[in-house]
$ cat query35.txt   # compact mmCIF, C-alpha atoms and all ligand atoms
# COMPACT_ATOMS: atom_id res chain seq x y z
CA ALA A 1 91.05 85.66 95.53
CA GLY A 2 87.84 84.07 94.22
CA ASP A 3 84.70 85.95 93.34
CA ALA A 4 84.12 87.54 96.74
CA ASP A 5 83.73 91.29 96.53
CA PRO A 6 86.85 92.70 98.18
CA ALA A 7 84.72 95.62 99.37
CA ASP A 8 83.12 93.18 101.84
CA ALA A 9 86.40 91.67 103.06
CA PRO A 10 87.79 92.68 106.46
CA VAL A 11 90.29 95.54 106.55
CA ALA A 12 93.84 94.15 106.47
CA VAL A 13 95.81 97.41 106.64
CA GLU A 14 94.52 100.80 107.66
CA LEU A 15 96.15 104.22 107.66
CA ASP A 16 94.34 106.67 109.88
CA GLY A 17 95.39 110.31 109.50
CA VAL A 18 98.99 109.31 108.87
CA SER A 19 101.60 112.01 108.23
CA LYS A 20 105.36 111.81 107.89
CA ARG A 21 107.53 114.89 107.99
CA TYR A 22 111.28 115.14 107.45
CA GLY A 23 112.31 118.53 108.76
CA GLY A 24 110.39 120.99 106.60
CA THR A 25 109.27 118.38 104.05
CA THR A 26 105.90 116.70 104.42
CA ALA A 27 106.35 113.42 102.54
CA VAL A 28 102.98 111.96 103.58
CA ASP A 29 100.20 114.37 104.46
CA ASP A 30 97.30 113.13 106.61
CA VAL A 31 96.61 109.97 104.62
CA SER A 32 93.65 107.77 105.54
CA LEU A 33 93.00 104.61 103.59
CA ARG A 34 91.91 101.02 104.08
CA VAL A 35 93.23 98.02 102.23
CA ARG A 36 91.00 94.94 102.33
CA GLU A 37 92.10 91.34 102.83
CA GLY A 38 93.11 89.78 99.54
CA GLU A 39 93.10 93.07 97.72
CA PHE A 40 95.70 94.15 95.15
CA PHE A 41 96.04 97.79 96.13
CA THR A 42 98.34 100.18 94.26
CA LEU A 43 99.82 103.52 95.22
CA VAL A 44 100.57 105.39 92.01
CA GLY A 45 101.78 108.92 91.40
CA PRO A 46 104.67 111.02 90.12
CA SER A 47 108.12 111.08 91.66
CA GLY A 48 108.13 112.59 95.13
CA CYS A 49 104.39 112.22 95.81
CA GLY A 50 105.05 110.08 98.90
CA LYS A 51 104.37 106.53 97.64
CA THR A 52 107.56 104.95 98.92
CA THR A 53 107.32 106.71 102.27
CA THR A 54 103.74 105.43 102.66
CA LEU A 55 104.90 101.90 101.93
CA ARG A 56 107.82 102.22 104.38
CA LEU A 57 105.40 103.38 107.08
CA ILE A 58 103.30 100.27 106.45
CA ALA A 59 106.38 98.02 106.46
CA GLY A 60 107.64 99.57 109.70
CA PHE A 61 110.90 100.97 108.31
CA GLU A 62 109.58 104.39 109.34
CA GLU A 63 107.26 105.51 112.12
CA PRO A 64 104.61 108.17 111.38
CA THR A 65 105.05 111.69 112.70
CA SER A 66 101.35 111.56 113.50
CA GLY A 67 98.44 109.20 112.90
CA THR A 68 98.07 105.44 113.23
CA VAL A 69 98.85 102.42 111.07
CA ARG A 70 96.75 99.35 111.90
CA PHE A 71 97.04 95.74 110.81
CA ALA A 72 93.77 93.80 111.19
CA GLY A 73 92.46 96.56 113.41
CA GLU A 74 95.46 96.67 115.78
CA SER A 75 97.91 99.56 115.94
CA VAL A 76 101.41 98.53 114.93
CA ALA A 77 103.08 101.62 116.44
CA GLY A 78 106.59 100.63 117.53
CA VAL A 79 106.33 97.12 116.02
CA PRO A 80 109.50 96.43 113.99
CA PRO A 81 109.23 95.21 110.36
CA GLU A 82 110.17 91.61 111.21
CA ASP A 83 107.19 91.38 113.57
CA ARG A 84 104.61 92.82 111.17
CA ASP A 85 104.07 89.71 109.02
CA VAL A 86 104.95 91.56 105.84
CA GLY A 87 107.01 90.42 102.87
CA VAL A 88 108.82 93.22 101.07
CA VAL A 89 110.25 93.36 97.54
CA PHE A 90 112.28 96.38 96.46
CA GLN A 91 113.24 97.86 93.15
CA SER A 92 116.76 96.41 93.24
CA TYR A 93 116.73 92.62 93.23
CA ALA A 94 118.85 92.43 96.37
CA LEU A 95 119.51 88.70 96.00
CA PHE A 96 122.66 87.43 97.71
CA PRO A 97 125.13 86.70 94.90
CA HIS A 98 127.17 84.18 96.90
CA MET A 99 124.13 81.97 97.56
CA THR A 100 122.22 79.75 95.15
CA VAL A 101 118.67 80.65 94.20
CA GLY A 102 117.37 77.97 96.58
CA GLU A 103 119.48 79.34 99.44
CA ASN A 104 118.20 82.82 98.72
CA VAL A 105 114.60 81.65 98.99
CA ALA A 106 115.41 79.63 102.14
CA TYR A 107 116.96 82.77 103.62
CA GLY A 108 113.46 84.22 103.66
CA LEU A 109 112.68 81.53 106.25
CA ASN A 110 115.62 82.40 108.50
CA PHE A 111 113.52 84.33 110.94
CA ALA A 112 110.47 82.12 110.63
CA ASP A 113 109.48 78.47 110.59
CA PRO A 114 108.01 77.01 107.42
CA PRO A 115 104.24 76.48 107.61
CA ALA A 116 103.31 73.45 109.75
CA GLY A 117 104.03 70.03 108.28
CA VAL A 118 106.39 71.27 105.58
CA THR A 119 110.19 70.98 105.60
CA ARG A 120 112.40 73.89 104.54
CA ASP A 121 113.34 72.12 101.32
CA GLU A 122 109.72 71.40 100.51
CA ARG A 123 108.82 75.01 101.19
CA VAL A 124 111.57 76.27 98.87
CA ALA A 125 110.42 73.88 96.11
CA GLU A 126 106.83 75.02 96.60
CA LEU A 127 107.82 78.68 96.26
CA LEU A 128 109.97 78.10 93.18
CA GLU A 129 106.99 76.32 91.66
CA LEU A 130 104.77 79.27 92.56
CA VAL A 131 107.01 81.78 90.79
CA ASP A 132 107.30 79.43 87.82
CA LEU A 133 111.03 78.70 88.20
CA PRO A 134 110.82 75.11 89.49
CA ASP A 135 114.29 74.08 88.29
CA ALA A 136 116.23 77.13 89.44
CA ALA A 137 117.19 76.01 92.99
CA ASP A 138 120.85 75.29 92.24
CA ARG A 139 121.41 78.19 89.92
CA ASP A 140 123.49 81.23 90.56
CA PRO A 141 121.21 84.31 90.90
CA GLU A 142 123.37 86.22 88.44
CA SER A 143 122.62 83.68 85.72
CA LEU A 144 118.96 84.72 85.81
CA SER A 145 117.32 87.57 83.90
CA GLY A 146 116.19 90.66 85.80
CA GLY A 147 112.57 89.52 85.70
CA GLN A 148 113.50 86.05 86.98
CA GLN A 149 115.57 87.60 89.78
CA GLN A 150 112.56 89.65 90.84
CA ARG A 151 110.43 86.52 90.93
CA ILE A 152 113.03 84.92 93.22
CA ALA A 153 112.97 88.03 95.40
CA MET A 154 109.19 87.58 95.57
CA ALA A 155 109.56 83.90 96.49
CA ARG A 156 111.96 84.90 99.27
CA ALA A 157 109.55 87.55 100.57
CA LEU A 158 106.67 85.05 100.49
CA ALA A 159 108.63 82.20 102.13
CA PRO A 160 107.48 82.77 105.71
CA GLY A 161 103.83 83.11 104.58
CA PRO A 162 103.33 86.81 105.39
CA ASP A 163 99.86 88.33 105.73
CA VAL A 164 100.76 91.26 103.50
CA LEU A 165 103.05 91.60 100.49
CA LEU A 166 104.62 95.02 99.88
CA LEU A 167 106.16 95.73 96.48
CA ASP A 168 108.12 98.93 95.85
CA GLU A 169 108.63 99.54 92.11
CA PRO A 170 109.74 95.93 91.62
CA MET A 171 109.78 96.29 87.84
CA SER A 172 111.31 99.69 87.29
CA ALA A 173 114.77 98.31 86.53
CA LEU A 174 113.42 96.05 83.76
CA ASP A 175 112.87 96.79 80.10
CA ALA A 176 109.33 97.30 78.82
CA ARG A 177 108.76 93.79 77.50
CA LEU A 178 110.02 92.08 80.67
CA ARG A 179 107.93 94.46 82.75
CA GLU A 180 104.76 93.42 80.99
CA ARG A 181 105.53 89.73 81.45
CA LEU A 182 106.48 90.15 85.08
CA ARG A 183 103.41 92.17 85.92
CA ALA A 184 101.17 89.41 84.59
CA GLN A 185 103.07 86.93 86.74
CA VAL A 186 102.89 89.10 89.84
CA LYS A 187 99.15 89.36 89.32
CA ARG A 188 98.80 85.59 88.90
CA ILE A 189 100.87 84.84 92.01
CA GLN A 190 98.88 87.36 94.01
CA SER A 191 95.52 85.92 93.03
CA GLU A 192 96.71 82.32 93.46
CA LEU A 193 97.68 83.10 97.04
CA GLY A 194 94.90 85.60 97.65
CA ILE A 195 97.48 87.64 99.57
CA THR A 196 96.82 91.26 100.48
CA THR A 197 99.25 93.20 98.29
CA ILE A 198 100.27 96.84 98.35
CA TYR A 199 102.16 97.89 95.28
CA VAL A 200 104.02 101.11 94.57
CA THR A 201 104.60 102.34 91.02
CA HIS A 202 104.94 105.60 89.11
CA ASP A 203 103.60 103.84 86.00
CA GLN A 204 99.88 104.52 85.66
CA GLU A 205 99.43 101.90 82.95
CA GLU A 206 100.93 99.24 85.20
CA ALA A 207 98.67 100.39 88.04
CA LEU A 208 95.54 100.06 85.90
CA ALA A 209 96.63 96.67 84.59
CA VAL A 210 97.18 94.82 87.87
CA SER A 211 95.14 96.45 90.64
CA ASP A 212 91.79 95.86 92.29
CA ARG A 213 91.97 99.44 93.52
CA VAL A 214 94.33 102.31 92.88
CA ALA A 215 95.21 105.29 95.06
CA VAL A 216 96.39 108.14 92.83
CA MET A 217 98.73 110.23 94.97
CA ASN A 218 99.75 113.84 94.57
CA ASP A 219 101.75 115.88 97.06
CA GLY A 220 101.61 113.38 99.90
CA ASN A 221 97.94 112.55 99.58
CA PRO A 222 95.68 110.29 97.53
CA GLU A 223 93.36 112.37 95.33
CA GLN A 224 91.26 109.35 94.39
CA VAL A 225 91.01 105.78 95.65
CA ALA A 226 88.95 103.61 93.33
CA PRO A 227 88.99 100.63 90.95
CA PRO A 228 91.01 101.20 87.74
CA ARG A 229 87.93 101.64 85.55
CA THR A 230 86.51 104.31 87.82
CA VAL A 231 89.79 106.18 88.00
CA TYR A 232 89.98 106.13 84.21
CA ARG A 233 86.36 106.93 83.41
CA GLU A 234 85.47 109.17 86.31
CA PRO A 235 88.62 110.90 87.49
CA ALA A 236 87.87 112.79 90.68
CA THR A 237 90.21 115.70 90.06
CA ARG A 238 92.04 117.43 87.29
CA PHE A 239 95.32 115.91 88.50
CA VAL A 240 93.90 112.38 88.23
CA ALA A 241 92.34 113.17 84.85
CA GLU A 242 95.72 114.21 83.46
CA PHE A 243 97.99 111.75 85.28
CA VAL A 244 96.09 108.61 84.30
CA GLY A 245 96.16 108.20 80.52
CA ASP A 246 95.85 110.94 77.92
CA ASN A 247 93.09 113.45 78.41
CA ASN A 248 91.68 116.75 77.18
CA VAL A 249 90.70 119.10 79.98
CA PHE A 250 88.44 122.05 79.21
CA ALA A 251 87.48 124.90 81.50
CA GLY A 252 84.64 127.34 80.99
CA ARG A 253 81.49 128.95 82.27
CA VAL A 254 78.06 127.32 82.33
CA THR A 255 75.64 129.47 80.34
CA GLY A 256 72.66 127.16 80.23
CA SER A 257 71.26 123.83 81.32
CA SER A 258 68.59 121.56 79.90
CA ASP A 259 66.08 119.25 81.58
CA GLU A 260 67.92 116.32 80.00
CA GLY A 261 70.91 117.01 82.22
CA GLU A 262 73.02 118.80 79.65
CA LEU A 263 74.98 121.97 80.21
CA ALA A 264 75.93 124.61 77.69
CA VAL A 265 79.48 125.71 78.46
CA ASP A 266 81.38 128.64 76.96
CA VAL A 267 84.86 127.21 76.96
CA ASP A 268 88.03 129.18 77.55
CA GLY A 269 90.31 129.44 74.56
CA GLY A 270 87.65 128.90 71.88
CA ASP A 271 84.56 130.56 70.44
CA GLU A 272 82.49 127.42 70.74
CA THR A 273 79.74 126.71 73.18
CA LEU A 274 80.03 123.04 74.07
CA ARG A 275 77.39 120.75 75.44
CA VAL A 276 78.38 118.65 78.42
CA GLY A 277 76.37 115.77 79.83
CA VAL A 278 75.93 115.52 83.57
CA GLY A 279 74.47 112.08 84.05
CA SER A 280 74.54 110.22 87.34
CA ASP A 281 78.32 110.17 87.09
CA GLY A 282 78.63 113.72 85.84
CA VAL A 283 80.10 114.96 89.06
CA ALA A 284 82.97 113.26 90.78
CA GLY A 285 81.79 111.47 93.88
CA ASP A 286 84.77 111.50 96.15
CA ALA A 287 86.76 114.64 95.65
CA ALA A 288 86.81 118.24 94.58
CA ALA A 289 83.41 118.61 92.93
CA THR A 290 80.78 118.03 95.55
CA ARG A 291 77.86 119.86 93.97
CA SER A 292 76.08 119.80 90.64
CA PRO A 293 77.07 122.56 88.27
CA GLU A 294 74.56 125.37 87.74
CA VAL A 295 74.27 128.29 85.37
CA SER A 296 77.09 130.83 85.84
CA ASP A 297 79.36 128.33 87.64
CA ARG A 298 82.83 127.82 86.28
CA ILE A 299 83.53 124.17 85.58
CA ALA A 300 86.30 121.94 84.30
CA PHE A 301 85.55 118.80 82.36
CA CYS A 302 87.53 116.25 80.43
CA VAL A 303 87.08 114.18 77.29
CA ARG A 304 89.37 111.23 76.52
CA PRO A 305 91.15 111.30 73.14
CA GLU A 306 89.36 108.10 72.10
CA HIS A 307 86.03 109.89 72.57
CA LEU A 308 86.92 112.66 70.17
CA ARG A 309 85.87 111.82 66.61
CA VAL A 310 87.86 113.50 63.91
CA ALA A 311 87.15 114.11 60.24
CA SER A 312 89.01 116.20 57.74
CA ALA A 313 87.27 119.52 57.16
CA ASP A 314 86.48 118.49 53.56
CA GLU A 315 84.72 115.34 54.66
CA ALA A 316 82.90 117.25 57.32
CA ALA A 317 81.64 119.69 54.70
CA GLY A 318 80.23 116.76 52.73
CA HIS A 319 77.97 114.06 54.05
CA GLU A 320 80.26 112.25 56.39
CA THR A 321 80.72 114.58 59.32
CA ALA A 322 82.75 113.90 62.42
CA ALA A 323 79.99 115.34 64.51
CA PRO A 324 76.54 113.92 63.84
CA ALA A 325 73.68 116.37 64.32
CA GLY A 326 73.37 117.39 67.93
CA GLU A 327 77.00 116.74 68.78
CA ASN A 328 79.70 119.16 69.66
CA ALA A 329 82.00 120.26 66.89
CA LEU A 330 85.36 121.99 67.15
CA ARG A 331 87.51 123.26 64.31
CA ALA A 332 91.18 122.44 64.64
CA THR A 333 94.30 121.73 62.59
CA VAL A 334 96.73 118.83 62.79
CA ALA A 335 99.98 119.81 64.53
CA SER A 336 101.80 116.48 64.88
CA ALA A 337 101.23 112.75 64.93
CA GLU A 338 102.85 109.77 66.62
CA PHE A 339 102.27 106.39 65.02
CA LEU A 340 101.65 103.84 67.79
CA GLY A 341 100.76 100.78 65.74
CA GLU A 342 97.10 100.18 66.47
CA THR A 343 96.32 103.88 66.44
CA THR A 344 98.00 107.19 65.88
CA ARG A 345 98.15 109.77 68.63
CA VAL A 346 97.49 113.10 66.99
CA THR A 347 98.03 116.52 68.51
CA LEU A 348 95.75 119.22 67.14
CA ASP A 349 95.98 122.98 67.42
CA TRP A 350 92.68 124.40 68.55
CA GLY A 351 92.98 128.17 68.95
CA ASP A 352 96.06 128.57 71.13
CA ARG A 353 95.40 125.26 72.84
CA GLU A 354 96.16 121.66 71.99
CA LEU A 355 93.83 118.70 71.73
CA LEU A 356 94.83 115.04 71.75
CA VAL A 357 92.94 112.60 69.58
CA ARG A 358 93.34 109.03 68.37
CA ALA A 359 93.14 108.31 64.68
CA VAL A 360 93.29 105.17 62.58
CA ASP A 361 93.78 106.83 59.21
CA PRO A 362 96.40 109.49 58.55
CA LEU A 363 95.16 113.02 59.19
CA ASP A 364 96.38 116.30 57.87
CA GLY A 365 95.39 119.95 57.68
CA ALA A 366 92.06 121.28 58.87
CA VAL A 367 89.80 118.91 60.79
CA THR A 368 86.51 118.88 62.63
CA VAL A 369 86.40 117.26 66.04
CA GLY A 370 83.16 116.01 67.51
CA PHE A 371 82.19 114.44 70.78
CA ASP A 372 79.09 113.15 72.45
CA PRO A 373 78.08 115.30 75.46
CA GLY A 374 77.74 112.07 77.44
CA ASP A 375 81.46 111.37 77.01
CA ALA A 376 82.43 114.54 78.84
CA HIS A 377 83.15 114.11 82.53
CA VAL A 378 82.92 117.05 84.94
CA ILE A 379 85.94 117.20 87.27
CA ASP A 380 85.54 120.50 89.01
CA VAL A 381 82.81 122.99 89.86
CA ASP A 382 83.53 126.45 91.12
CA GLN A 383 80.62 128.47 92.39
CA ARG A 384 80.60 132.11 91.33
P1 LIG C 1 109.92 108.34 94.00
O1 LIG C 1 109.08 107.60 93.00
O2 LIG C 1 110.79 109.38 93.37
O3 LIG C 1 110.65 107.45 94.96
P2 LIG C 1 107.85 108.76 95.93
O4 LIG C 1 106.51 109.10 95.47
O5 LIG C 1 108.10 107.37 96.37
O6 LIG C 1 108.90 109.21 94.85
P3 LIG C 1 108.91 109.50 98.49
O7 LIG C 1 110.19 108.79 98.23
O8 LIG C 1 107.95 108.89 99.43
O9 LIG C 1 108.15 109.77 97.11
O10 LIG C 1 109.26 110.98 98.94
C1 LIG C 1 108.29 111.97 99.22
C2 LIG C 1 108.98 113.25 99.64
O11 LIG C 1 109.64 113.08 100.89
C3 LIG C 1 110.04 113.73 98.67
O12 LIG C 1 109.99 115.12 98.63
C4 LIG C 1 111.32 113.23 99.30
O13 LIG C 1 112.38 114.07 98.92
C5 LIG C 1 111.03 113.34 100.78
N1 LIG C 1 111.75 112.32 101.57
C6 LIG C 1 111.57 110.98 101.50
N2 LIG C 1 112.37 110.34 102.36
C7 LIG C 1 113.10 111.27 102.98
C8 LIG C 1 114.12 111.26 104.01
N3 LIG C 1 114.55 110.11 104.55
N4 LIG C 1 114.63 112.44 104.40
C9 LIG C 1 114.19 113.61 103.88
N5 LIG C 1 113.25 113.70 102.93
C10 LIG C 1 112.69 112.56 102.48

$ encode --input "query35.txt" --output "structure tokens"
Amino acid sequence: AGDADPADAPVAVELDGVSKRYGGTTAVDDVSLRVREGEFFTLVGPSGCGKTTTLRLIAGFEEPTSGTVRFAGESVAGVPPEDRDVGVVFQSYALFPHMTVGENVAYGLNFADPPAGVTRDERVAELLELVDLPDAADRDPESLSGGQQQRIAMARALAPGPDVLLLDEPMSALDARLRERLRAQVKRIQSELGITTIYVTHDQEEALAVSDRVAVMNDGNPEQVAPPRTVYREPATRFVAEFVGDNNVFAGRVTGSSDEGELAVDVDGGDETLRVGVGSDGVAGDAAATRSPEVSDRIAFCVRPEHLRVASADEAAGHETAAPAGENALRATVASAEFLGETTRVTLDWGDRELLVRAVDPLDGAVTVGFDPGDAHVIDVDQR
């Protein structure tokens, strides 16, 4: 761990044009990515996007149909899982019920010697300490909570001191509160050890919370590989924009552009012409949109709900408007609201489309929605 920039660290695991086909199904489609030493790297995406298959290819449970998996620069083609120096934790706890917790952790050492100068018992104690269950050695695994069992499964996977830790949805069987606690612990253990970790989850919030970098997968391929903040603020594609967090995606035609880097866009589904900022980050760097939008192009852009300011139409007619002079303004009506505690997630009808906004105070009826052109992010440009 430490302060070193992981971008400078050597490559620990590399996928180079890796595909995996099962009969007519392409589970993993020409994936190339590099995971750095010490990095917490997450594969996230909807069910069936190929996350688990990618992880199994790295672990060695599957061999690619084409392409190469490398560990520290060396191909591992044909190398079985037990010779890849990986520790693996699965969704199901998979602890042996007839063994004590200590015996379960020691089992992780069965195919390996403990690190030099340490006895097996000392190693087990060390690992139980690491996962914050120092007194659990003699307990029966079934007497532990689901989250505790997963920590023991992690201790077992870490016992031989693997180079790489692979985690496949280790929290998905737990309830929400346990999941949050466990993910903080997984993160702590990972940074304490500085171990290269590849994590699979379908939960985008979890991915953002724990990772150094995230690969957002769709249809067998990552659409964006970037740090959580970048994925959230500058989604590379429409899929990423909509999969990660709530978003409002607009499509329309560029009808004008200013010297200040603003576009006028006639949006589909509304009468409004909206102004969209294209600053240095206006166009996604690493995916679909590879050119700056120009007049007469069709574009898609997104605005996060928290960047939409809402005022009731009455207020807006008075002094306190949702959209200060120079901002965009849309007229919409409240359709439904979900109270979330800190904020309320409000769905608005805007023409025959919906907009998502966040509100603190209750909203009802006709509203005006404003946003700063600089808070719009262009995700796609189509030359016409
Ligand atoms: P989930 O979260 O549902 O596990 P995933 O993103 O991990 O999804 P994979 O399990 O990698 O996705 O599966 C990707 C695709 O490959 C799916 O269409 C799946 O049905 C198919 N697939 C995976 N393993 C096999 C297999 N052994 N035989 C045939 N098809 C498979």

$ closest_residue --input "query35.txt" --among "A:Ala9, A:Val231, A:Val381, A:Val369" --to "Val278 (chain A)" --atoms "only C-alpha atoms"
A:Val381

$ atom_distance --input "query35.txt" --atom1 "CA of Val216 (chain A)" --atom2 "atom P1 of ligand LIG 1 (chain C)"
13.6 Å

$ residues_near_ligand --input "query35.txt" --ligand "ligand LIG 1 (chain C)" --cutoff "7 Å" --atoms "all atoms listed in the file" --output "tab-separated table (two decimals) with C-alpha atoms, in the coordinates of the input"
chain	number	residue	atom	x	y	z
A	22	TYR	CA	111.28	115.14	107.45
A	25	THR	CA	109.27	118.38	104.05
A	26	THR	CA	105.90	116.70	104.42
A	27	ALA	CA	106.35	113.42	102.54
A	28	VAL	CA	102.98	111.96	103.58
A	45	GLY	CA	101.78	108.92	91.40
A	46	PRO	CA	104.67	111.02	90.12
A	47	SER	CA	108.12	111.08	91.66
A	48	GLY	CA	108.13	112.59	95.13
A	49	CYS	CA	104.39	112.22	95.81
A	50	GLY	CA	105.05	110.08	98.90
A	51	LYS	CA	104.37	106.53	97.64
A	52	THR	CA	107.56	104.95	98.92
A	53	THR	CA	107.32	106.71	102.27
A	54	THR	CA	103.74	105.43	102.66
A	202	HIS	CA	104.94	105.60	89.11
A	220	GLY	CA	101.61	113.38	99.90

$ residues_around --input "query35.txt" --residues "region 139-156 of chain A" --least-positions-apart "3" --cutoff "7 Å" --atoms "all atoms listed in the file" --output "PDB file with C-alpha atoms, in the frame of the given file"
ATOM      1  CA  VAL A  89     110.250  93.360  97.540  1.00  0.00           C
ATOM      2  CA  TYR A  93     116.730  92.620  93.230  1.00  0.00           C
ATOM      3  CA  LEU A  95     119.510  88.700  96.000  1.00  0.00           C
ATOM      4  CA  PRO A  97     125.130  86.700  94.900  1.00  0.00           C
ATOM      5  CA  THR A 100     122.220  79.750  95.150  1.00  0.00           C
ATOM      6  CA  VAL A 101     118.670  80.650  94.200  1.00  0.00           C
ATOM      7  CA  ASN A 104     118.200  82.820  98.720  1.00  0.00           C
ATOM      8  CA  VAL A 105     114.600  81.650  98.990  1.00  0.00           C
ATOM      9  CA  ALA A 106     115.410  79.630 102.140  1.00  0.00           C
ATOM     10  CA  TYR A 107     116.960  82.770 103.620  1.00  0.00           C
ATOM     11  CA  GLY A 108     113.460  84.220 103.660  1.00  0.00           C
ATOM     12  CA  LEU A 127     107.820  78.680  96.260  1.00  0.00           C
ATOM     13  CA  LEU A 128     109.970  78.100  93.180  1.00  0.00           C
ATOM     14  CA  VAL A 131     107.010  81.780  90.790  1.00  0.00           C
ATOM     15  CA  ALA A 136     116.230  77.130  89.440  1.00  0.00           C
ATOM     16  CA  ALA A 159     108.630  82.200 102.130  1.00  0.00           C
ATOM     17  CA  PRO A 170     109.740  95.930  91.620  1.00  0.00           C
ATOM     18  CA  LEU A 174     113.420  96.050  83.760  1.00  0.00           C
ATOM     19  CA  LEU A 178     110.020  92.080  80.670  1.00  0.00           C
ATOM     20  CA  LEU A 182     106.480  90.150  85.080  1.00  0.00           C
TER      21      LEU A 182
END

$ atom_distance --input "query35.txt" --atom1 "CA of Phe301 (chain A)" --atom2 "CA of Gly370 (chain A)"
15.3 Å

$ closest_residue --input "query35.txt" --among "A:Val244, A:Val164, A:Leu208, A:Val31" --to "Pro228 (chain A)" --atoms "all atoms listed in the file"
A:Leu208

$ residues_around --input "query35.txt" --residues "Glu272 (chain A)" --least-positions-apart "2" --cutoff "12 Å" --atoms "only C-alpha atoms" --output "list in words"
Phe250, Gly252, Arg253, Thr255, Ala264, Val265, Asp266, Val267, Asp268, Gly269, Gly270, Leu274, Arg275, Asn328, Ala329, Leu330, Arg331, Ala332, Trp350, Gly351, Val369 and Gly370 of chain A

$ closest_residue --input "query35.txt" --among "A:Leu355, A:Ala366, A:Val360, A:Val240" --to "Phe339 (chain A)" --atoms "all atoms listed in the file"
A:Val360

$ closest_residue --input "query35.txt" --among "A:Ala116, A:Met99, A:Val124, A:Leu43" --to "Leu167 (chain A)" --atoms "all atoms listed in the file"
A:Leu43

$ closest_residue --input "query35.txt" --among "A:Thr201, A:Ser296, A:Thr119, A:Asn218" --to "Leu166 (chain A)" --atoms "all atoms listed in the file"
A:Thr201

$ residues_around --input "query35.txt" --residues "Tyr199 (chain A)" --least-positions-apart "4" --cutoff "9 Å" --atoms "only C-alpha atoms" --output "list of chain:residue names"
A:Phe40, A:Phe41, A:Thr42, A:Leu43, A:Val44, A:Leu55, A:Leu165, A:Leu166, A:Leu167, A:Asp168, A:Glu169, A:Pro170, A:Ala207, A:Ser211

$ write_last_selection --input "query35.txt" --atoms "C-alpha atoms" --output "PDB file, in the coordinates of the input"
ATOM      1  CA  PHE A  40      95.700  94.150  95.150  1.00  0.00           C
ATOM      2  CA  PHE A  41      96.040  97.790  96.130  1.00  0.00           C
ATOM      3  CA  THR A  42      98.340 100.180  94.260  1.00  0.00           C
ATOM      4  CA  LEU A  43      99.820 103.520  95.220  1.00  0.00           C
ATOM      5  CA  VAL A  44     100.570 105.390  92.010  1.00  0.00           C
ATOM      6  CA  LEU A  55     104.900 101.900 101.930  1.00  0.00           C
ATOM      7  CA  LEU A 165     103.050  91.600 100.490  1.00  0.00           C
ATOM      8  CA  LEU A 166     104.620  95.020  99.880  1.00  0.00           C
ATOM      9  CA  LEU A 167     106.160  95.730  96.480  1.00  0.00           C
ATOM     10  CA  ASP A 168     108.120  98.930  95.850  1.00  0.00           C
ATOM     11  CA  GLU A 169     108.630  99.540  92.110  1.00  0.00           C
ATOM     12  CA  PRO A 170     109.740  95.930  91.620  1.00  0.00           C
ATOM     13  CA  ALA A 207      98.670 100.390  88.040  1.00  0.00           C
ATOM     14  CA  SER A 211      95.140  96.450  90.640  1.00  0.00           C
TER      15      SER A 211
END

$ atom_distance --input "query35.txt" --atom1 "CA of Glu39 (chain A)" --atom2 "CA of Val13 (chain A)"
10.3 Å

$ residues_near_point --input "query35.txt" --point "(79.5, 125.6, 91.3)" --cutoff "7 Å" --atoms "all atoms listed in the file" --output "PDB file with C-alpha atoms, keeping the file's coordinate frame"
ATOM      1  CA  ARG A 291      77.860 119.860  93.970  1.00  0.00           C
ATOM      2  CA  SER A 292      76.080 119.800  90.640  1.00  0.00           C
ATOM      3  CA  PRO A 293      77.070 122.560  88.270  1.00  0.00           C
ATOM      4  CA  GLU A 294      74.560 125.370  87.740  1.00  0.00           C
ATOM      5  CA  ASP A 297      79.360 128.330  87.640  1.00  0.00           C
ATOM      6  CA  ARG A 298      82.830 127.820  86.280  1.00  0.00           C
ATOM      7  CA  VAL A 381      82.810 122.990  89.860  1.00  0.00           C
ATOM      8  CA  ASP A 382      83.530 126.450  91.120  1.00  0.00           C
ATOM      9  CA  GLN A 383      80.620 128.470  92.390  1.00  0.00           C
ATOM     10  CA  ARG A 384      80.600 132.110  91.330  1.00  0.00           C
TER      11      ARG A 384
END

$ build_atoms --input "query35.txt" --residues "region 77-83 of chain A" --atoms "N, CA and C atoms" --output "short mmCIF file (atom, residue, chain, number, x, y, z; two decimals), keeping the file's coordinate frame"
data_model
loop_
_atom_site.label_atom_id
_atom_site.label_comp_id
_atom_site.auth_asym_id
_atom_site.auth_seq_id
_atom_site.Cartn_x
_atom_site.Cartn_y
_atom_site.Cartn_z
N ALA A 77 102.10 100.61 116.01
CA ALA A 77 103.08 101.62 116.44
C ALA A 77 104.20 100.94 117.22
N GLY A 78 105.43 101.19 116.81
CA GLY A 78 106.59 100.63 117.53
C GLY A 78 106.89 99.18 117.20
N VAL A 79 106.06 98.52 116.40
CA VAL A 79 106.33 97.12 116.02
C VAL A 79 107.33 97.10 114.87
N PRO A 80 108.48 96.43 115.05
CA PRO A 80 109.50 96.43 113.99
C PRO A 80 109.04 95.61 112.77
N PRO A 81 109.66 95.88 111.60
CA PRO A 81 109.23 95.21 110.36
C PRO A 81 109.15 93.69 110.48
N GLU A 82 110.14 93.08 111.16
CA GLU A 82 110.17 91.61 111.21
C GLU A 82 109.01 91.03 112.02
N ASP A 83 108.35 91.87 112.80
CA ASP A 83 107.19 91.38 113.57
C ASP A 83 105.86 91.80 112.98
#
